[in-house]
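Text of the file entry.txt, holding compact mmCIF, C-alpha atoms and all ligand atoms:
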# COMPACT_ATOMS: atom_id res chain seq x y z
CA MET A 1 -6.14 43.29 35.14
CA SER A 2 -5.77 44.75 38.64
CA LYS A 3 -8.73 44.26 40.94
CA ILE A 4 -10.55 47.37 42.19
CA LYS A 5 -9.80 47.77 45.88
CA GLN A 6 -12.86 47.34 48.06
CA TYR A 7 -13.41 48.71 51.52
CA GLN A 8 -14.46 46.33 54.25
CA TRP A 9 -17.78 47.89 55.13
CA ALA A 10 -20.89 48.82 53.18
CA TYR A 11 -24.34 49.84 54.39
CA LEU A 12 -27.51 47.87 53.74
CA ARG A 13 -30.97 47.57 55.36
CA GLY A 14 -30.14 49.91 58.19
CA ASN A 15 -26.78 48.44 59.18
CA LYS A 16 -23.12 48.44 58.38
CA VAL A 17 -22.35 45.07 56.81
CA GLN A 18 -19.23 43.37 55.48
CA ILE A 19 -19.01 44.10 51.75
CA SER A 20 -19.18 40.35 50.99
CA GLU A 21 -22.53 40.25 52.75
CA ALA A 22 -23.97 43.35 51.13
CA THR A 23 -26.04 41.38 48.62
CA ILE A 24 -29.60 41.60 47.34
CA SER A 25 -32.06 39.06 45.97
CA ILE A 26 -32.81 38.46 42.28
CA THR A 27 -36.42 39.30 43.07
CA THR A 28 -35.45 42.88 43.96
CA GLN A 29 -37.77 45.17 41.99
CA ALA A 30 -34.97 47.61 41.16
CA PHE A 31 -32.90 44.76 39.71
CA ASN A 32 -35.85 43.75 37.52
CA TYR A 33 -37.00 47.21 36.43
CA GLY A 34 -34.32 49.79 37.20
CA THR A 35 -36.53 51.39 39.84
CA GLY A 36 -33.81 52.79 42.05
CA ILE A 37 -32.24 56.19 42.50
CA PHE A 38 -28.69 57.02 43.43
CA GLU A 39 -26.03 59.62 44.08
CA GLY A 40 -22.32 59.83 43.36
CA ILE A 41 -20.41 61.80 45.96
CA ARG A 42 -16.71 62.45 46.37
CA ALA A 43 -14.58 62.97 49.42
CA TYR A 44 -11.16 64.55 49.06
CA ILE A 45 -8.05 64.55 51.20
CA SER A 46 -7.16 68.13 52.09
CA ALA A 47 -4.09 69.69 50.48
CA ASP A 48 -2.10 69.36 53.73
CA GLY A 49 -3.13 65.70 54.03
CA SER A 50 -4.63 66.23 57.46
CA GLN A 51 -8.33 65.66 56.81
CA LEU A 52 -10.92 64.08 54.55
CA ASN A 53 -13.76 66.31 53.39
CA ILE A 54 -16.95 65.40 51.54
CA PHE A 55 -17.70 67.81 48.70
CA ARG A 56 -21.17 69.40 48.63
CA LEU A 57 -22.77 66.59 50.63
CA GLU A 58 -25.91 68.59 51.40
CA GLU A 59 -26.62 69.28 47.74
CA HIS A 60 -26.15 65.60 46.88
CA LEU A 61 -28.57 64.60 49.63
CA GLN A 62 -31.09 67.17 48.46
CA ARG A 63 -30.91 65.76 44.94
CA LEU A 64 -31.29 62.23 46.35
CA SER A 65 -34.48 63.35 48.01
CA THR A 66 -35.75 64.94 44.75
CA SER A 67 -35.02 61.70 42.92
CA ALA A 68 -36.84 59.71 45.62
CA ARG A 69 -40.02 61.76 45.09
CA PHE A 70 -40.30 60.52 41.52
CA LEU A 71 -40.15 56.87 42.62
CA LYS A 72 -42.67 57.54 45.41
CA ILE A 73 -40.12 56.69 48.06
CA PHE A 74 -41.15 58.54 51.18
CA ASP A 75 -39.24 56.64 53.88
CA LEU A 76 -35.79 57.98 53.12
CA PRO A 77 -33.82 58.70 56.32
CA SER A 78 -33.64 62.43 57.11
CA GLU A 79 -30.81 64.50 55.65
CA ILE A 80 -29.20 64.68 59.11
CA ASP A 81 -29.39 60.90 59.52
CA LEU A 82 -28.05 60.28 56.01
CA LYS A 83 -25.12 62.58 56.72
CA ALA A 84 -24.35 60.72 59.93
CA ILE A 85 -24.63 57.30 58.23
CA ILE A 86 -22.23 58.33 55.45
CA ILE A 87 -19.67 59.80 57.83
CA ASP A 88 -19.90 56.75 60.07
CA LEU A 89 -19.32 54.42 57.10
CA ILE A 90 -16.27 56.37 55.88
CA ARG A 91 -14.82 56.30 59.39
CA ALA A 92 -15.51 52.56 59.77
CA ASN A 93 -13.55 51.97 56.57
CA ASP A 94 -10.69 54.01 58.00
CA CYS A 95 -10.54 55.86 54.70
CA LYS A 96 -7.65 58.27 54.37
CA GLU A 97 -7.67 58.77 50.62
CA ASP A 98 -9.83 60.35 47.92
CA CYS A 99 -12.94 58.23 47.64
CA TYR A 100 -16.35 57.96 46.01
CA ILE A 101 -19.57 57.28 47.88
CA ARG A 102 -22.53 55.65 46.17
CA PRO A 103 -25.86 55.66 48.03
CA ILE A 104 -28.66 53.80 46.23
CA VAL A 105 -32.28 53.89 47.32
CA PHE A 106 -34.18 51.13 45.59
CA LYS A 107 -37.54 49.49 45.26
CA GLN A 108 -37.26 46.13 46.94
CA SER A 109 -40.22 43.76 47.44
CA LEU A 110 -43.90 43.61 46.64
CA LEU A 111 -45.98 44.30 49.73
CA PRO A 112 -48.49 41.59 50.77
CA GLY A 113 -51.37 41.33 48.30
CA GLN A 114 -49.47 43.02 45.43
CA ARG A 115 -49.40 41.17 42.12
CA PHE A 116 -46.18 40.49 40.23
CA GLY A 117 -45.18 43.29 37.87
CA VAL A 118 -43.61 46.71 37.54
CA LYS A 119 -44.99 49.31 39.92
CA LEU A 120 -43.96 51.92 42.45
CA THR A 121 -46.74 52.07 45.01
CA GLY A 122 -47.12 48.77 46.84
CA VAL A 123 -43.41 48.05 46.84
CA SER A 124 -41.08 48.38 49.83
CA SER A 125 -37.84 50.28 49.47
CA SER A 126 -34.35 49.78 50.80
CA PHE A 127 -31.13 51.71 50.97
CA SER A 128 -27.50 50.82 50.40
CA ILE A 129 -24.18 52.62 50.37
CA ASN A 130 -21.02 51.40 48.76
CA MET A 131 -17.77 53.31 48.65
CA LEU A 132 -14.59 52.93 46.67
CA PRO A 133 -11.21 54.62 46.42
CA MET A 134 -11.20 57.19 43.63
CA PRO A 135 -8.16 59.37 43.05
CA SER A 136 -8.56 62.54 40.96
CA SER A 137 -8.81 61.69 37.26
CA ALA A 138 -5.49 63.32 36.34
CA SER A 139 -5.30 61.20 33.18
CA LYS A 140 -8.12 63.29 31.69
CA SER A 141 -6.57 66.67 32.47
CA SER A 142 -4.57 66.75 29.22
CA GLY A 143 -7.80 66.66 27.25
CA ILE A 144 -10.28 64.16 25.85
CA LYS A 145 -11.94 63.47 22.51
CA CYS A 146 -15.73 63.37 22.38
CA MET A 147 -18.19 62.05 19.86
CA ILE A 148 -21.74 63.32 19.40
CA SER A 149 -23.85 60.33 20.37
CA PRO A 150 -26.19 58.60 17.94
CA TRP A 151 -28.37 58.00 21.03
CA ARG A 152 -30.38 61.02 22.17
CA ARG A 153 -30.59 61.98 25.84
CA THR A 154 -33.79 60.52 27.35
CA PRO A 155 -36.41 63.29 27.29
CA ASP A 156 -37.62 64.65 30.61
CA ASN A 157 -41.16 63.57 29.79
CA SER A 158 -40.01 59.95 29.53
CA ILE A 159 -37.73 59.78 32.59
CA PRO A 160 -37.33 62.94 34.70
CA SER A 161 -33.93 64.41 33.87
CA ARG A 162 -33.54 66.08 37.25
CA ALA A 163 -33.53 62.69 38.98
CA LYS A 164 -30.73 60.15 39.05
CA ILE A 165 -32.80 57.08 38.26
CA CYS A 166 -30.94 53.78 37.88
CA GLY A 167 -32.87 52.59 34.81
CA GLY A 168 -32.17 55.86 33.01
CA TYR A 169 -28.48 55.04 32.90
CA VAL A 170 -29.04 52.56 30.07
CA ASN A 171 -29.15 55.75 27.98
CA SER A 172 -25.70 56.79 29.30
CA ALA A 173 -24.27 53.30 28.78
CA LEU A 174 -25.46 53.11 25.15
CA ALA A 175 -24.11 56.55 24.37
CA LEU A 176 -20.73 56.01 26.02
CA GLU A 177 -20.36 52.59 24.43
CA SER A 178 -20.85 54.03 20.93
CA ALA A 179 -18.16 56.62 21.53
CA ILE A 180 -15.64 54.23 23.09
CA THR A 181 -16.16 51.68 20.31
CA ALA A 182 -15.49 54.42 17.77
CA GLY A 183 -12.20 55.30 19.50
CA TYR A 184 -13.32 58.38 21.46
CA ASP A 185 -13.03 58.97 25.22
CA GLU A 186 -16.53 60.29 25.90
CA THR A 187 -19.78 61.21 24.29
CA ILE A 188 -21.96 64.31 24.17
CA MET A 189 -25.66 63.63 23.70
CA LEU A 190 -28.19 65.82 21.94
CA ASN A 191 -31.70 66.01 23.30
CA ASN A 192 -34.80 65.18 21.31
CA THR A 193 -34.98 68.67 19.84
CA GLY A 194 -31.44 68.31 18.56
CA ASP A 195 -29.81 70.70 21.02
CA ILE A 196 -26.73 69.85 23.06
CA ALA A 197 -27.71 68.12 26.31
CA GLU A 198 -24.87 66.52 28.29
CA ALA A 199 -22.24 63.81 28.34
CA SER A 200 -22.80 60.25 29.59
CA THR A 201 -22.41 61.16 33.26
CA SER A 202 -21.32 64.78 33.20
CA ASN A 203 -22.46 68.21 32.06
CA VAL A 204 -20.84 70.25 29.33
CA PHE A 205 -19.60 73.83 29.03
CA PHE A 206 -18.41 75.72 25.97
CA ILE A 207 -16.38 78.92 25.93
CA LYS A 208 -16.57 81.45 23.10
CA ASN A 209 -15.04 84.93 23.24
CA ASN A 210 -14.36 84.55 26.99
CA GLN A 211 -17.99 83.77 27.86
CA LEU A 212 -19.18 80.44 29.21
CA TYR A 213 -22.17 78.69 27.67
CA THR A 214 -23.91 75.64 29.07
CA PRO A 215 -27.22 73.95 28.24
CA SER A 216 -30.03 75.34 30.38
CA LEU A 217 -31.78 73.13 32.94
CA THR A 218 -34.67 72.83 30.48
CA SER A 219 -32.38 71.10 27.97
CA HIS A 220 -33.25 67.66 29.46
CA ILE A 221 -30.10 67.46 31.58
CA LEU A 222 -29.27 66.42 35.10
CA PRO A 223 -28.75 69.57 37.21
CA GLY A 224 -25.15 68.71 38.03
CA ILE A 225 -23.65 69.85 41.29
CA THR A 226 -20.29 70.31 39.59
CA ARG A 227 -22.07 72.35 36.90
CA ASP A 228 -23.46 74.57 39.63
CA THR A 229 -20.00 74.82 41.23
CA ILE A 230 -18.44 75.87 37.91
CA ILE A 231 -21.10 78.54 37.34
CA ILE A 232 -20.37 80.04 40.76
CA LEU A 233 -16.57 79.83 40.37
CA ALA A 234 -16.70 81.36 36.89
CA GLN A 235 -18.85 84.23 38.12
CA GLN A 236 -16.43 84.80 41.00
CA MET A 237 -13.67 85.04 38.38
CA GLY A 238 -15.69 87.78 36.65
CA LEU A 239 -16.75 85.60 33.73
CA ASN A 240 -20.16 85.74 32.13
CA VAL A 241 -22.08 82.43 32.20
CA ILE A 242 -24.98 81.93 29.82
CA GLU A 243 -27.41 79.03 30.31
CA LYS A 244 -29.35 78.48 27.08
CA ARG A 245 -30.25 76.12 24.26
CA ILE A 246 -27.03 75.27 22.46
CA ILE A 247 -27.03 74.08 18.86
CA LEU A 248 -24.52 71.72 17.31
CA SER A 249 -22.56 74.23 15.26
CA GLU A 250 -22.00 76.39 18.37
CA ALA A 251 -20.40 73.37 19.98
CA TYR A 252 -18.13 72.62 17.01
CA ASP A 253 -17.17 76.30 16.84
CA ALA A 254 -16.25 76.74 20.54
CA ASP A 255 -12.90 78.17 21.61
CA GLU A 256 -12.86 75.82 24.60
CA CYS A 257 -15.03 73.02 25.91
CA PHE A 258 -15.00 70.89 29.05
CA LEU A 259 -17.08 68.25 30.78
CA CYS A 260 -17.74 68.39 34.50
CA GLY A 261 -19.19 65.96 37.00
CA THR A 262 -18.40 64.38 40.32
CA GLY A 263 -16.66 61.37 38.78
CA ILE A 264 -14.86 62.98 35.84
CA GLU A 265 -14.27 66.26 37.76
CA ILE A 266 -13.27 68.68 34.99
CA ALA A 267 -12.13 67.23 31.70
CA PRO A 268 -11.05 69.58 28.90
CA VAL A 269 -12.46 68.52 25.52
CA ILE A 270 -9.91 69.00 22.74
CA GLN A 271 -11.82 67.37 19.91
CA LEU A 272 -15.52 67.01 19.13
CA ASP A 273 -16.26 64.58 16.30
CA SER A 274 -13.83 65.62 13.54
CA TYR A 275 -13.50 69.19 14.83
CA ARG A 276 -10.51 70.29 16.85
CA ILE A 277 -11.55 72.56 19.74
CA GLY A 278 -9.40 75.69 20.08
CA ASN A 279 -5.81 74.77 19.35
CA GLY A 280 -6.30 71.15 20.37
CA SER A 281 -5.05 71.50 23.92
CA PRO A 282 -6.82 72.49 27.19
CA GLY A 283 -7.87 76.14 26.99
CA LYS A 284 -6.75 78.91 29.34
CA LEU A 285 -10.10 79.53 31.02
CA THR A 286 -10.74 75.80 31.38
CA GLN A 287 -7.40 75.48 33.14
CA ALA A 288 -8.14 78.44 35.40
CA LEU A 289 -11.48 76.89 36.37
CA MET A 290 -9.84 73.52 37.00
CA ASN A 291 -7.35 75.25 39.25
CA SER A 292 -9.94 76.94 41.40
CA TYR A 293 -12.09 73.75 41.46
CA PHE A 294 -9.20 71.71 42.86
CA ASN A 295 -8.29 74.48 45.30
CA ILE A 296 -11.86 74.35 46.61
CA VAL A 297 -12.19 70.57 46.90
CA ARG A 298 -8.76 70.29 48.54
CA GLY A 299 -9.68 72.99 51.04
CA LYS A 300 -7.06 75.45 49.78
CA MET A 301 -9.73 78.06 49.09
CA ASP A 302 -12.46 78.98 51.56
CA SER A 303 -15.96 77.67 50.87
CA ASN A 304 -18.85 76.26 52.83
CA TRP A 305 -18.96 73.22 50.57
CA LEU A 306 -16.82 70.83 52.60
CA THR A 307 -18.08 68.45 55.28
CA LEU A 308 -15.37 67.15 57.54
CA VAL A 309 -15.39 63.38 58.08
N1 LIG B 1 -25.27 64.24 34.05
C1 LIG B 1 -25.46 62.94 34.35
C2 LIG B 1 -26.38 62.14 33.49
C3 LIG B 1 -24.82 62.37 35.46
O1 LIG B 1 -25.00 61.10 35.78
C4 LIG B 1 -23.95 63.19 36.24
C5 LIG B 1 -23.24 62.59 37.44
N2 LIG B 1 -23.99 62.72 38.60
C6 LIG B 1 -23.80 64.53 35.89
C7 LIG B 1 -24.47 65.03 34.79
C8 LIG B 1 -22.95 65.45 36.72
O2 LIG B 1 -23.56 65.69 37.95
P1 LIG B 1 -22.72 66.02 39.26
O3 LIG B 1 -21.85 67.16 38.92
O4 LIG B 1 -23.74 66.35 40.27
O5 LIG B 1 -21.93 64.79 39.58

Before anything else, please render the file you have as C-alpha cells.
Ligand code: PMP
Amino acid sequence: MSKIKQYQWAYLRGNKVQISEATISITTQAFNYGTGIFEGIRAYISADGSQLNIFRLEEHLQRLSTSARFLKIFDLPSEIDLKAIIIDLIRANDCKEDCYIRPIVFKQSLLPGQRFGVKLTGVSSSFSINMLPMPSSASKSSGIKCMISPWRRTPDNSIPSRAKICGGYVNSALALESAITAGYDETIMLNNTGDIAEASTSNVFFIKNNQLYTPSLTSHILPGITRDTIIILAQQMGLNVIEKRIILSEAYDADECFLCGTGIEIAPVIQLDSYRIGNGSPGKLTQALMNSYFNIVRGKMDSNWLTLV
C-alpha cells in the first residue's frame, strides 16, 4: 500500500513543529473522551496553476468557533490570527497542490485541583493543525452507491449537530463501516424521527422535477459549507431549492441525488439501497452544479469565497 504523503510542518501548542514531533500525551482529555472539535478545509490550485486558494476559510473558522462554544473553549485564537496561522503553515510546507487542512481544538489536561474524569470546565485546551495533499475526488464523479445506514444520525439533543465534535464521529464511522462492508461506497443516515439526515461526512441533495430538496437544518445535520455553496449556486442557476423534512420514499423516488462536503466535494449518487436513481448515471442538474462548483473553487468564476495563500 502506498504511504500517504506528509508535509514537513504541522502546528501544535502555538508553534510550527516538525510533523514527527507533533505528538500528544495519552493523558490528553480529548483522546480519552472525544472532547475536541475540528474543521476540514480545502485549498485548491487555480485553473491557470498560478495560485493556491483556500475555499470559504471564513465560514470554516466561524463554524470552528461555534463548535468551540459547545465544549466551553473560550481561548481560541481570533479569526484573524487563525487565518494567518493557516496561511503561514501552508507556505512553510511550500504547498503547490490541492490540499486539505485539519485544525483540531481539543481538551488537553486537568487544571490543578481537578479530579480525574470526563469534564469540560477545569480542563485546559490546545490547538493543532495538520495538512495533507488531497486532489479532487475525480473517482467519485462517475457516481456512487449508497446504503441507508442501520445507525441513526446522533440526535442534536445528544451531541449538537451544528458542531464538529470529535467524539460524534463514532456515529459516522459506524455508519460508513456498515455500508462499506455491505459493498456500497457511502451511507445515508436517517435521524431519530426516521427522516433523511446526511451521509457519513457530507450532506445530501435530491432532485425531483427540476427542484432541489435537502434536509432542513433542523433535521439533525451538520450545516455544511458545501451544502450552503450548492444552495447559492443552484439559486443562481434559477433552480428552486427546498429545505425540509425528507422521508425515505422521496429519497428512493428521486430523479437525481448527490452528496456534498469538503472532502467528497460533489458525488452523484446513482443507487440508493436496491433502488437505481434516475437512469443510473450522474444526472444533468447534478453535473451542471458540479461544473459551477469546480469553476468556483478553481477561480474560473468570480466569487468572494477564495482566500489567496
Ligand atoms: N456532515 C458531516 C457529518 C460532516 O462531517 C461534513 C464534513 N464537514 C459535512 C456534513 C459537510 O460539511 P462541509 O460541506 O462543511 O464540509

Quiz prompt | Env. residues ligand LIG 1 (chain B) / 6 Å / all atoms listed in the file / as a ChimeraX atom specification | solution = /A:40,200-203,222,224-227,261-262

Do you have, as CSV, the list of residues of range 116-161 of chain A lying at most 9 Å from range 278-293 of chain A, each with its nearest atom pair and that distance in Å to one decimal, counting only C-alpha atoms and ordered by chain then number?
residue,atom,partner,partner_atom,distance
A:Ser141,CA,A:Pro282,CA,7.9
A:Ser142,CA,A:Pro282,CA,6.5
A:Gly143,CA,A:Pro282,CA,5.9

Practice problem: Find the spatial neighbours of Ser137 in chain A, counting all atoms listed in the file, within a cut-off of 9 Å - ignore same-chain residues fewer than 2 positions away - and output them as a ChimeraX atom specification. | Solution: /A:134-135,139-141,263-267

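Across A:Asn191, A:Gln18, A:Pro223, A:Phe294, the tightest approach to Glu59 in chain A is made by A:Pro223 when counting all atoms listed in the file.
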
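Closest to Ile180 in chain A among A:Lys96, A:Arg276, A:Lys145, A:Arg152 is A:Lys145, based on all atoms listed in the file.
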
Quiz item: Got a sec: who's within 6 Å of Ile148 in chain A, counting all atoms listed in the file, leaving out chain neighbours fewer than 5 positions off, as a PyMOL selection string?
Solution: chain A and resi 187-189

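What separates CA of Ile85 in chain A from CA of Lys119 in chain A is a distance of 28.5 Å.
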
Practice problem: Please provide as JSON, numbers by chain all residues within 9 Å of Ala163 in chain A, with the sequence filter that same-chain residues fewer than 2 positions apart are discarded (counting only C-alpha atoms). | Solution: {"A": [37, 38, 63, 64, 66, 67, 68, 69, 70, 159, 160, 161, 165, 222, 223]}

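Using all atoms listed in the file, the smallest distance between any of A:Thr154, A:Gln62, A:Asn295, A:Ser124 and Leu233 in chain A comes from A:Asn295.
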
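Coordinates place CA of Lys72 in chain A at a distance of 26.3 Å from CA of Tyr100 in chain A.
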
Which centre and edge lengths in Å to one decimal define the box along x, y and z that fits every listed atom of range 180-188 of chain A plus 4 Å per side, as AutoDock Vina command-line options?
--center_x -17.1 --center_y 58.0 --center_z 21.8 --size_x 17.8 --size_y 20.6 --size_z 16.1

Practice problem: Extract, using all atoms listed in the file, all DNA, RNA and protein residues at most 10 Å from Ile242 in chain A, discarding same-chain residues fewer than 6 positions from it, and format them as a PyMOL selection string. | Solution: chain A and resi 205-207+211-216+231
